[in-house]
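Participant: Structure file work.cif (mmCIF, C-alpha atoms, pLDDT in the B column; chains and numbers go by the auth columns) is given on the next line.
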data_protein
#
loop_
_atom_site.group_PDB
_atom_site.id
_atom_site.type_symbol
_atom_site.label_atom_id
_atom_site.label_comp_id
_atom_site.label_asym_id
_atom_site.label_seq_id
_atom_site.Cartn_x
_atom_site.Cartn_y
_atom_site.Cartn_z
_atom_site.B_iso_or_equiv
_atom_site.auth_seq_id
_atom_site.auth_asym_id
ATOM 1 C CA MET A 1 25.775 -11.584 79.201 54.00 69 A
ATOM 2 C CA PRO A 2 26.895 -15.195 79.693 60.00 70 A
ATOM 3 C CA ASP A 3 24.402 -17.635 81.120 70.00 71 A
ATOM 4 C CA PRO A 4 24.271 -17.334 84.908 74.00 72 A
ATOM 5 C CA THR A 5 24.882 -20.341 87.093 83.00 73 A
ATOM 6 C CA VAL A 6 21.879 -22.117 88.576 82.00 74 A
ATOM 7 C CA LEU A 7 22.850 -20.882 92.045 81.00 75 A
ATOM 8 C CA GLU A 8 22.942 -17.267 90.814 84.00 76 A
ATOM 9 C CA VAL A 9 19.506 -17.696 89.287 77.00 77 A
ATOM 10 C CA TYR A 10 18.159 -19.398 92.416 77.00 78 A
ATOM 11 C CA ARG A 11 19.382 -16.561 94.650 83.00 79 A
ATOM 12 C CA ARG A 12 17.608 -13.804 92.726 81.00 80 A
ATOM 13 C CA GLU A 13 15.446 -11.767 95.052 85.00 81 A
ATOM 14 C CA VAL A 14 11.825 -11.296 94.077 88.00 82 A
ATOM 15 C CA THR A 15 10.236 -7.905 94.567 92.00 83 A
ATOM 16 C CA PRO A 16 6.759 -6.769 93.559 94.00 84 A
ATOM 17 C CA GLU A 17 8.356 -4.519 90.917 96.00 85 A
ATOM 18 C CA LEU A 18 10.485 -7.301 89.425 95.00 86 A
ATOM 19 C CA TYR A 19 7.533 -9.696 89.365 96.00 87 A
ATOM 20 C CA ARG A 20 5.456 -7.035 87.603 97.00 88 A
ATOM 21 C CA ASP A 21 8.221 -6.367 85.045 97.00 89 A
ATOM 22 C CA VAL A 22 8.671 -10.070 84.181 97.00 90 A
ATOM 23 C CA ARG A 23 4.899 -10.574 83.987 98.00 91 A
ATOM 24 C CA GLU A 24 4.364 -7.505 81.790 98.00 92 A
ATOM 25 C CA LEU A 25 7.149 -8.540 79.412 98.00 93 A
ATOM 26 C CA TYR A 26 5.613 -12.009 79.130 98.00 94 A
ATOM 27 C CA LYS A 27 2.235 -10.453 78.334 98.00 95 A
ATOM 28 C CA LYS A 28 3.853 -8.214 75.708 98.00 96 A
ATOM 29 C CA HIS A 29 5.593 -11.257 74.186 98.00 97 A
ATOM 30 C CA SER A 30 2.373 -13.306 74.126 96.00 98 A
ATOM 31 C CA ILE A 31 0.329 -10.496 72.577 97.00 99 A
ATOM 32 C CA ALA A 32 2.986 -9.959 69.889 97.00 100 A
ATOM 33 C CA GLU A 33 3.058 -13.700 69.139 95.00 101 A
ATOM 34 C CA ASP A 34 -0.735 -13.868 68.830 94.00 102 A
ATOM 35 C CA ALA A 35 -0.646 -10.820 66.500 95.00 103 A
ATOM 36 C CA ARG A 36 2.218 -12.377 64.435 95.00 104 A
ATOM 37 C CA ASP A 37 4.195 -9.186 65.211 97.00 105 A
ATOM 38 C CA LEU A 38 7.850 -10.218 64.723 96.00 106 A
ATOM 39 C CA GLU A 39 9.268 -6.836 65.708 97.00 107 A
ATOM 40 C CA GLY A 40 7.113 -6.842 68.839 97.00 108 A
ATOM 41 C CA LEU A 41 8.501 -10.285 69.685 97.00 109 A
ATOM 42 C CA MET A 42 12.093 -9.144 69.070 98.00 110 A
ATOM 43 C CA SER A 43 11.547 -6.215 71.459 98.00 111 A
ATOM 44 C CA THR A 44 11.083 -8.733 74.303 98.00 112 A
ATOM 45 C CA LEU A 45 14.352 -10.593 73.595 98.00 113 A
ATOM 46 C CA THR A 46 18.013 -9.909 74.263 98.00 114 A
ATOM 47 C CA PRO A 47 20.104 -9.466 71.095 98.00 115 A
ATOM 48 C CA GLU A 48 21.917 -12.763 71.826 97.00 116 A
ATOM 49 C CA CYS A 49 18.727 -14.733 72.542 98.00 117 A
ATOM 50 C CA VAL A 50 18.571 -18.454 71.810 98.00 118 A
ATOM 51 C CA TYR A 51 15.553 -20.512 70.776 98.00 119 A
ATOM 52 C CA GLU A 52 15.971 -24.223 71.340 97.00 120 A
ATOM 53 C CA LEU A 53 13.925 -27.371 70.880 97.00 121 A
ATOM 54 C CA VAL A 54 15.584 -29.254 73.703 96.00 122 A
ATOM 55 C CA GLN A 55 14.818 -32.846 72.696 94.00 123 A
ATOM 56 C CA THR A 56 16.052 -32.422 69.123 95.00 124 A
ATOM 57 C CA GLY A 57 18.916 -29.959 69.472 96.00 125 A
ATOM 58 C CA HIS A 58 17.475 -27.468 66.958 97.00 126 A
ATOM 59 C CA ARG A 59 18.727 -23.967 67.784 97.00 127 A
ATOM 60 C CA TRP A 60 18.169 -20.474 66.461 98.00 128 A
ATOM 61 C CA GLU A 61 20.510 -17.769 67.775 97.00 129 A
ATOM 62 C CA GLY A 62 20.162 -13.997 68.030 98.00 130 A
ATOM 63 C CA HIS A 63 17.340 -11.866 66.689 98.00 131 A
ATOM 64 C CA ASP A 64 17.918 -13.189 63.156 97.00 132 A
ATOM 65 C CA GLY A 65 17.588 -16.742 64.458 97.00 133 A
ATOM 66 C CA ALA A 66 14.464 -15.906 66.470 98.00 134 A
ATOM 67 C CA ARG A 67 12.907 -14.329 63.373 97.00 135 A
ATOM 68 C CA ARG A 68 13.710 -17.510 61.395 97.00 136 A
ATOM 69 C CA PHE A 69 12.215 -19.670 64.154 97.00 137 A
ATOM 70 C CA TYR A 70 8.947 -17.724 64.143 97.00 138 A
ATOM 71 C CA THR A 71 8.797 -17.351 60.362 97.00 139 A
ATOM 72 C CA GLU A 72 9.314 -21.094 59.854 96.00 140 A
ATOM 73 C CA LEU A 73 6.857 -22.054 62.624 97.00 141 A
ATOM 74 C CA LEU A 74 4.129 -19.617 61.575 96.00 142 A
ATOM 75 C CA THR A 75 4.507 -20.510 57.889 97.00 143 A
ATOM 76 C CA ALA A 76 4.160 -24.216 58.661 97.00 144 A
ATOM 77 C CA PHE A 77 1.324 -23.653 61.156 97.00 145 A
ATOM 78 C CA PRO A 78 -0.375 -20.328 60.308 97.00 146 A
ATOM 79 C CA ASP A 79 -3.372 -21.041 62.574 97.00 147 A
ATOM 80 C CA ILE A 80 -1.286 -22.203 65.571 97.00 148 A
ATOM 81 C CA VAL A 81 -2.953 -21.711 68.945 96.00 149 A
ATOM 82 C CA PHE A 82 -1.236 -22.048 72.316 96.00 150 A
ATOM 83 C CA SER A 83 -3.822 -22.759 75.032 97.00 151 A
ATOM 84 C CA LEU A 84 -2.100 -22.017 78.308 97.00 152 A
ATOM 85 C CA THR A 85 -2.662 -24.703 80.953 98.00 153 A
ATOM 86 C CA ASP A 86 -0.168 -23.545 83.620 98.00 154 A
ATOM 87 C CA ILE A 87 2.319 -20.765 84.263 98.00 155 A
ATOM 88 C CA VAL A 88 4.977 -19.808 86.815 97.00 156 A
ATOM 89 C CA ILE A 89 6.451 -16.293 86.913 97.00 157 A
ATOM 90 C CA GLY A 90 9.398 -15.265 89.052 95.00 158 A
ATOM 91 C CA PRO A 91 12.711 -13.420 89.060 94.00 159 A
ATOM 92 C CA GLN A 92 14.240 -16.261 87.044 94.00 160 A
ATOM 93 C CA GLY A 93 11.764 -15.865 84.173 96.00 161 A
ATOM 94 C CA VAL A 94 8.574 -17.559 83.064 98.00 162 A
ATOM 95 C CA CYS A 95 7.699 -21.209 82.614 98.00 163 A
ATOM 96 C CA GLU A 96 4.504 -22.022 80.761 98.00 164 A
ATOM 97 C CA GLU A 97 2.712 -25.212 79.851 98.00 165 A
ATOM 98 C CA ALA A 98 0.303 -25.208 76.930 98.00 166 A
ATOM 99 C CA ASP A 99 -1.760 -27.371 74.645 98.00 167 A
ATOM 100 C CA VAL A 100 -0.981 -26.553 71.025 98.00 168 A
ATOM 101 C CA SER A 101 -3.150 -27.090 67.981 98.00 169 A
ATOM 102 C CA ALA A 102 -2.414 -26.134 64.384 98.00 170 A
ATOM 103 C CA THR A 103 -2.900 -27.170 60.792 98.00 171 A
ATOM 104 C CA HIS A 104 0.370 -28.311 59.193 98.00 172 A
ATOM 105 C CA VAL A 105 0.414 -26.569 55.774 98.00 173 A
ATOM 106 C CA ALA A 106 4.130 -26.106 54.976 98.00 174 A
ATOM 107 C CA PRO A 107 7.409 -27.939 55.733 97.00 175 A
ATOM 108 C CA TRP A 108 8.866 -27.517 59.233 96.00 176 A
ATOM 109 C CA LEU A 109 12.140 -29.007 60.497 95.00 177 A
ATOM 110 C CA GLY A 110 12.186 -31.132 57.343 93.00 178 A
ATOM 111 C CA ILE A 111 8.732 -32.587 58.050 95.00 179 A
ATOM 112 C CA GLU A 112 6.512 -32.399 54.993 96.00 180 A
ATOM 113 C CA PRO A 113 3.053 -30.879 55.562 97.00 181 A
ATOM 114 C CA THR A 114 0.056 -33.135 56.015 95.00 182 A
ATOM 115 C CA GLY A 115 -2.673 -30.506 55.756 97.00 183 A
ATOM 116 C CA GLU A 116 -4.104 -32.009 58.934 97.00 184 A
ATOM 117 C CA LEU A 117 -4.774 -30.581 62.363 98.00 185 A
ATOM 118 C CA VAL A 118 -1.946 -31.518 64.728 96.00 186 A
ATOM 119 C CA GLU A 119 -2.088 -31.318 68.526 97.00 187 A
ATOM 120 C CA TRP A 120 0.755 -31.515 71.037 97.00 188 A
ATOM 121 C CA LYS A 121 1.876 -30.201 74.402 98.00 189 A
ATOM 122 C CA VAL A 122 4.723 -27.823 75.222 98.00 190 A
ATOM 123 C CA VAL A 123 6.556 -26.577 78.251 98.00 191 A
ATOM 124 C CA ILE A 124 8.429 -23.384 77.440 98.00 192 A
ATOM 125 C CA TRP A 125 11.054 -21.753 79.629 98.00 193 A
ATOM 126 C CA PHE A 126 11.671 -18.015 79.087 98.00 194 A
ATOM 127 C CA PRO A 127 14.888 -17.168 81.016 97.00 195 A
ATOM 128 C CA TRP A 128 14.996 -13.579 82.335 96.00 196 A
ATOM 129 C CA ASP A 129 18.068 -11.413 81.838 95.00 197 A
ATOM 130 C CA PRO A 130 18.200 -9.050 84.832 93.00 198 A
ATOM 131 C CA GLU A 131 20.641 -6.643 83.156 94.00 199 A
ATOM 132 C CA ASP A 132 18.753 -6.203 79.872 97.00 200 A
ATOM 133 C CA ARG A 133 15.369 -6.820 81.544 97.00 201 A
ATOM 134 C CA LEU A 134 14.402 -9.006 78.588 98.00 202 A
ATOM 135 C CA PHE A 135 14.065 -12.705 77.879 98.00 203 A
ATOM 136 C CA ARG A 136 17.162 -14.613 76.733 97.00 204 A
ATOM 137 C CA GLY A 137 15.034 -16.720 74.376 98.00 205 A
ATOM 138 C CA GLU A 138 12.961 -19.851 74.813 98.00 206 A
ATOM 139 C CA ARG A 139 13.751 -23.446 75.678 98.00 207 A
ATOM 140 C CA VAL A 140 10.906 -25.564 74.335 98.00 208 A
ATOM 141 C CA TYR A 141 10.066 -29.091 75.470 97.00 209 A
ATOM 142 C CA VAL A 142 7.477 -30.923 73.352 97.00 210 A
ATOM 143 C CA SER A 143 5.328 -33.990 73.877 96.00 211 A
ATOM 144 C CA GLY A 144 2.872 -35.707 71.583 93.00 212 A
ATOM 145 C CA ILE A 145 4.535 -34.877 68.272 91.00 213 A
ATOM 146 C CA ASP A 146 7.472 -36.617 66.613 90.00 214 A
ATOM 147 C CA LEU A 147 10.267 -34.224 65.676 93.00 215 A
ATOM 148 C CA PRO A 148 13.459 -35.137 63.833 93.00 216 A
ATOM 149 C CA PRO A 149 16.861 -34.543 65.426 94.00 217 A
ATOM 150 C CA ALA A 150 18.773 -31.456 64.394 92.00 218 A
ATOM 151 C CA PRO A 151 21.471 -31.941 61.763 87.00 219 A
ATOM 152 C CA ALA A 152 24.868 -32.823 63.236 74.00 220 A
ATOM 153 C CA SER A 153 26.164 -29.376 62.256 58.00 221 A
ATOM 154 C CA ALA A 154 23.909 -27.854 64.933 50.00 222 A
ATOM 155 C CA PHE A 155 25.929 -29.537 67.679 45.00 223 A
ATOM 156 C CA SER A 156 29.246 -28.670 69.254 40.00 224 A
ATOM 157 C CA GLY A 157 32.158 -31.059 69.252 37.00 225 A
ATOM 158 C CA HIS A 158 30.995 -32.441 72.618 35.00 226 A
ATOM 159 C CA GLY A 159 27.836 -34.015 71.228 38.00 227 A
ATOM 160 C CA LEU A 160 25.716 -31.378 72.984 38.00 228 A
ATOM 161 C CA PRO A 161 24.125 -28.260 71.557 39.00 229 A
ATOM 162 C CA ALA A 162 26.616 -25.384 71.421 38.00 230 A
ATOM 163 C CA TYR A 163 25.907 -22.652 73.984 32.00 231 A
#
Could you render the structure from this file as structure tokens?

Facilitator:
Amino acid sequence: MPDPTVLEVYRREVTPELYRDVRELYKKHSIAEDARDLEGLMSTLTPECVYELVQTGHRWEGHDGARRFYTELLTAFPDIVFSLTDIVIGPQGVCEEADVSATHVAPWLGIEPTGELVEWKVVIWFPWDPEDRLFRGERVYVSGIDLPPAPASAFSGHGLPAY
């Protein structure tokens, strides 16, 4: 399914059943992430999901890309903890804010490990796909940690990430 327009997303009706479904899928996703259960995570995502670090342009596409994202992240930060500080759930998806802490033990995004505890903040947007009733991935916004830009090959010819 192509990305819906903002107006289409805005006009989605909320019902108690839809709210429950989005909330339950988010809980399933979070539990799978905490358990390091990659297949459980994939079961919450559309096949064409996209993971994106918005500020840098890094992208991982499809289930294979999502698996790479999690494998790379959890290898670099095996003790990563997301401490939820805020959340919004609706027919458009879920938006969460969290404090993150983790020990950097392996390379990530070309950053060599320091072996030190690192702390940063994230806002993560999980867009809801109403047809598949799954998340279309995650758009991650980070603060408090320096990340390198994605290689130029990760961008489309327009200077923006390819969608």

Participant: Could you list, with a cut-off of 12 Å and counting all atoms listed in the file, the residues of stretch 163-194 of chain A near stretch 97-120 of chain A, each shown with its nearest atom pair and the distance in Å rounded to one decimal, rows sorted by chain and ascending number, as JSON lines?

Facilitator:
{"residue": "A:Glu164", "atom": "CA", "partner": "A:Ser98", "partner_atom": "CA", "distance": 11.2}
{"residue": "A:Val191", "atom": "CA", "partner": "A:Glu120", "partner_atom": "CA", "distance": 11.9}
{"residue": "A:Ile192", "atom": "CA", "partner": "A:Glu120", "partner_atom": "CA", "distance": 9.7}
{"residue": "A:Trp193", "atom": "CA", "partner": "A:Glu120", "partner_atom": "CA", "distance": 9.9}
{"residue": "A:Phe194", "atom": "CA", "partner": "A:Tyr119", "partner_atom": "CA", "distance": 9.5}

Participant: Taking all atoms listed in the file into account, name the residue in A:Asp147, A:Gly178, A:Glu81, A:Asp197 that is nearest to A:Pro219.

Facilitator: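 The shortest atom-to-atom distance to A:Pro219 comes from A:Gly178.
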
Participant: Run the PyMOL selection byres ((chain A and resi 184) around 6) mentally over the shown coordinates, then write out the matched residues as a ChimeraX atom specification, using the chain letters and numbers from the document.

Facilitator: /A:171-172,182-183,185

Participant: Would you translate the PyMOL selection byres ((chain A and resi 149) around 6) into the concrete set of residues it matches in this file, as a list in words?

Facilitator: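 Written out, the selection comes to Ile148, Phe150, Val168 and Ser169 of chain A.
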
Participant: Could the residues in this selection be saved with C-alpha atoms as a CSV table (one decimal), in the coordinates of the input?

Facilitator:
chain,number,residue,atom,x,y,z
A,148,ILE,CA,-1.3,-22.2,65.6
A,150,PHE,CA,-1.2,-22.0,72.3
A,168,VAL,CA,-1.0,-26.6,71.0
A,169,SER,CA,-3.2,-27.1,68.0

Participant: Which residues are near A:Leu177? Cut-off 10 Å, all atoms listed in the file, ignore same chain within fewer than 2 positions. Put them as a VMD selection string.

Facilitator: chain A and resid 126 140 to 141 144 175 179 to 180 215 to 219

Participant: Would you mind reading off the distance between atom CA of A:Pro195 and atom CA of A:Arg136, one decimal, in Å?

Facilitator: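 Going from atom CA of A:Pro195 over to atom CA of A:Arg136, I get 19.7 Å.
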
Participant: Which residues, named as in the file, does the PyMOL selection byres ((chain A and resi 123) around 8) pick out? Answer as a ChimeraX atom specification.

Facilitator: /A:121-122,124-125,209-210,217

Participant: Please measure the separation of atom CA of A:Val77 and atom CA of A:Phe137, giving the value in Å to one decimal.

Facilitator: 26.2 Å

Participant: Using only C-alpha atoms, pick whichever of A:Gly212, A:Pro159, A:Arg135, A:Ala174 has the shortest atom-to-atom distance to A:Arg80.

Facilitator: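 Result for the nearest residue to A:Arg80: A:Pro159.
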
Participant: Please measure the separation of atom CA of A:Val162 and atom CA of A:Phe203, giving the value in Å to one decimal.

Facilitator: 9.0 Å

Participant: Around all the atoms of stretch 86-104 of chain A listed in the file, draw an axis-aligned box and extend it by 3 Å on each of the six sides; I want its centre and edge lengths in Å to one decimal, as lines of an AutoDock Vina configuration file.

Facilitator:
center_x = 4.9
center_y = -10.1
center_z = 76.9
size_x = 17.2
size_y = 13.5
size_z = 31.0

Participant: Find, counting only C-alpha atoms, the residue in A:Glu165, A:Asp200, A:Asp214, A:Asp71 that gets nearest to A:Leu93.

Facilitator: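 Looking only at the distances to A:Leu93, the closest residue turns out to be A:Asp200.
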
Participant: Looking at only C-alpha atoms, which of A:Leu152, A:Cys163, A:Ile157, A:Ala220 is the one that sits closest to A:Gly205?

Facilitator: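 Closest to A:Gly205 of all the choices is A:Cys163.
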
Participant: Reconstruct stretch 161-172 of chain A at the level of all heavy atoms, and format the result as a tab-separated table (two decimals), in the coordinates of the input.

Facilitator:
chain	number	residue	atom	x	y	z
A	161	GLY	N	12.41	-15.89	85.47
A	161	GLY	CA	11.76	-15.86	84.17
A	161	GLY	C	10.36	-16.43	84.26
A	161	GLY	O	9.72	-16.37	85.30
A	162	VAL	N	9.92	-17.01	83.15
A	162	VAL	CA	8.57	-17.56	83.06
A	162	VAL	C	8.67	-18.99	82.55
A	162	VAL	O	9.46	-19.29	81.65
A	162	VAL	CB	7.69	-16.72	82.11
A	162	VAL	CG1	6.33	-17.35	81.91
A	162	VAL	CG2	7.56	-15.29	82.61
A	163	CYS	N	7.85	-19.85	83.12
A	163	CYS	CA	7.70	-21.21	82.61
A	163	CYS	C	6.21	-21.42	82.36
A	163	CYS	O	5.39	-21.18	83.25
A	163	CYS	CB	8.21	-22.24	83.61
A	163	CYS	SG	8.21	-23.92	82.96
A	164	GLU	N	5.90	-21.80	81.11
A	164	GLU	CA	4.50	-22.02	80.76
A	164	GLU	C	4.32	-23.43	80.23
A	164	GLU	O	5.23	-24.02	79.66
A	164	GLU	CB	4.00	-21.01	79.72
A	164	GLU	CG	4.53	-21.25	78.33
A	164	GLU	CD	3.89	-20.37	77.26
A	164	GLU	OE1	3.35	-19.30	77.58
A	164	GLU	OE2	3.95	-20.76	76.09
A	165	GLU	N	3.12	-23.94	80.44
A	165	GLU	CA	2.71	-25.21	79.85
A	165	GLU	C	1.48	-24.91	79.01
A	165	GLU	O	0.62	-24.12	79.42
A	165	GLU	CB	2.37	-26.19	80.96
A	165	GLU	CG	1.94	-27.55	80.48
A	165	GLU	CD	1.59	-28.46	81.64
A	165	GLU	OE1	0.59	-28.19	82.33
A	165	GLU	OE2	2.32	-29.45	81.84
A	166	ALA	N	1.43	-25.50	77.81
A	166	ALA	CA	0.30	-25.21	76.93
A	166	ALA	C	-0.04	-26.41	76.07
A	166	ALA	O	0.81	-27.25	75.76
A	166	ALA	CB	0.63	-24.01	76.04
A	167	ASP	N	-1.31	-26.47	75.69
A	167	ASP	CA	-1.76	-27.37	74.64
A	167	ASP	C	-1.68	-26.59	73.35
A	167	ASP	O	-2.09	-25.41	73.29
A	167	ASP	CB	-3.20	-27.81	74.90
A	167	ASP	CG	-3.34	-28.68	76.14
A	167	ASP	OD1	-2.39	-29.44	76.44
A	167	ASP	OD2	-4.39	-28.61	76.79
A	168	VAL	N	-1.17	-27.22	72.31
A	168	VAL	CA	-0.98	-26.55	71.03
A	168	VAL	C	-1.82	-27.28	69.99
A	168	VAL	O	-1.88	-28.51	69.97
A	168	VAL	CB	0.51	-26.58	70.60
A	168	VAL	CG1	0.71	-25.85	69.28
A	168	VAL	CG2	1.39	-25.99	71.69
A	169	SER	N	-2.45	-26.50	69.12
A	169	SER	CA	-3.15	-27.09	67.98
A	169	SER	C	-2.88	-26.21	66.77
A	169	SER	O	-2.78	-24.99	66.88
A	169	SER	CB	-4.65	-27.21	68.24
A	169	SER	OG	-5.23	-25.95	68.43
A	170	ALA	N	-2.73	-26.87	65.60
A	170	ALA	CA	-2.41	-26.13	64.38
A	170	ALA	C	-2.57	-27.05	63.18
A	170	ALA	O	-2.42	-28.26	63.29
A	170	ALA	CB	-0.99	-25.61	64.43
A	171	THR	N	-2.84	-26.43	62.05
A	171	THR	CA	-2.90	-27.17	60.79
A	171	THR	C	-1.54	-27.09	60.12
A	171	THR	O	-1.00	-25.99	59.94
A	171	THR	CB	-3.98	-26.58	59.87
A	171	THR	OG1	-5.21	-26.50	60.60
A	171	THR	CG2	-4.16	-27.44	58.64
A	172	HIS	N	-0.98	-28.23	59.77
A	172	HIS	CA	0.37	-28.31	59.19
A	172	HIS	C	0.28	-28.13	57.68
A	172	HIS	O	-0.03	-29.06	56.95
A	172	HIS	CB	1.00	-29.65	59.55
A	172	HIS	CG	2.44	-29.75	59.22
A	172	HIS	ND1	3.14	-30.91	59.34
A	172	HIS	CD2	3.33	-28.84	58.74
A	172	HIS	CE1	4.40	-30.71	58.97
A	172	HIS	NE2	4.52	-29.46	58.59
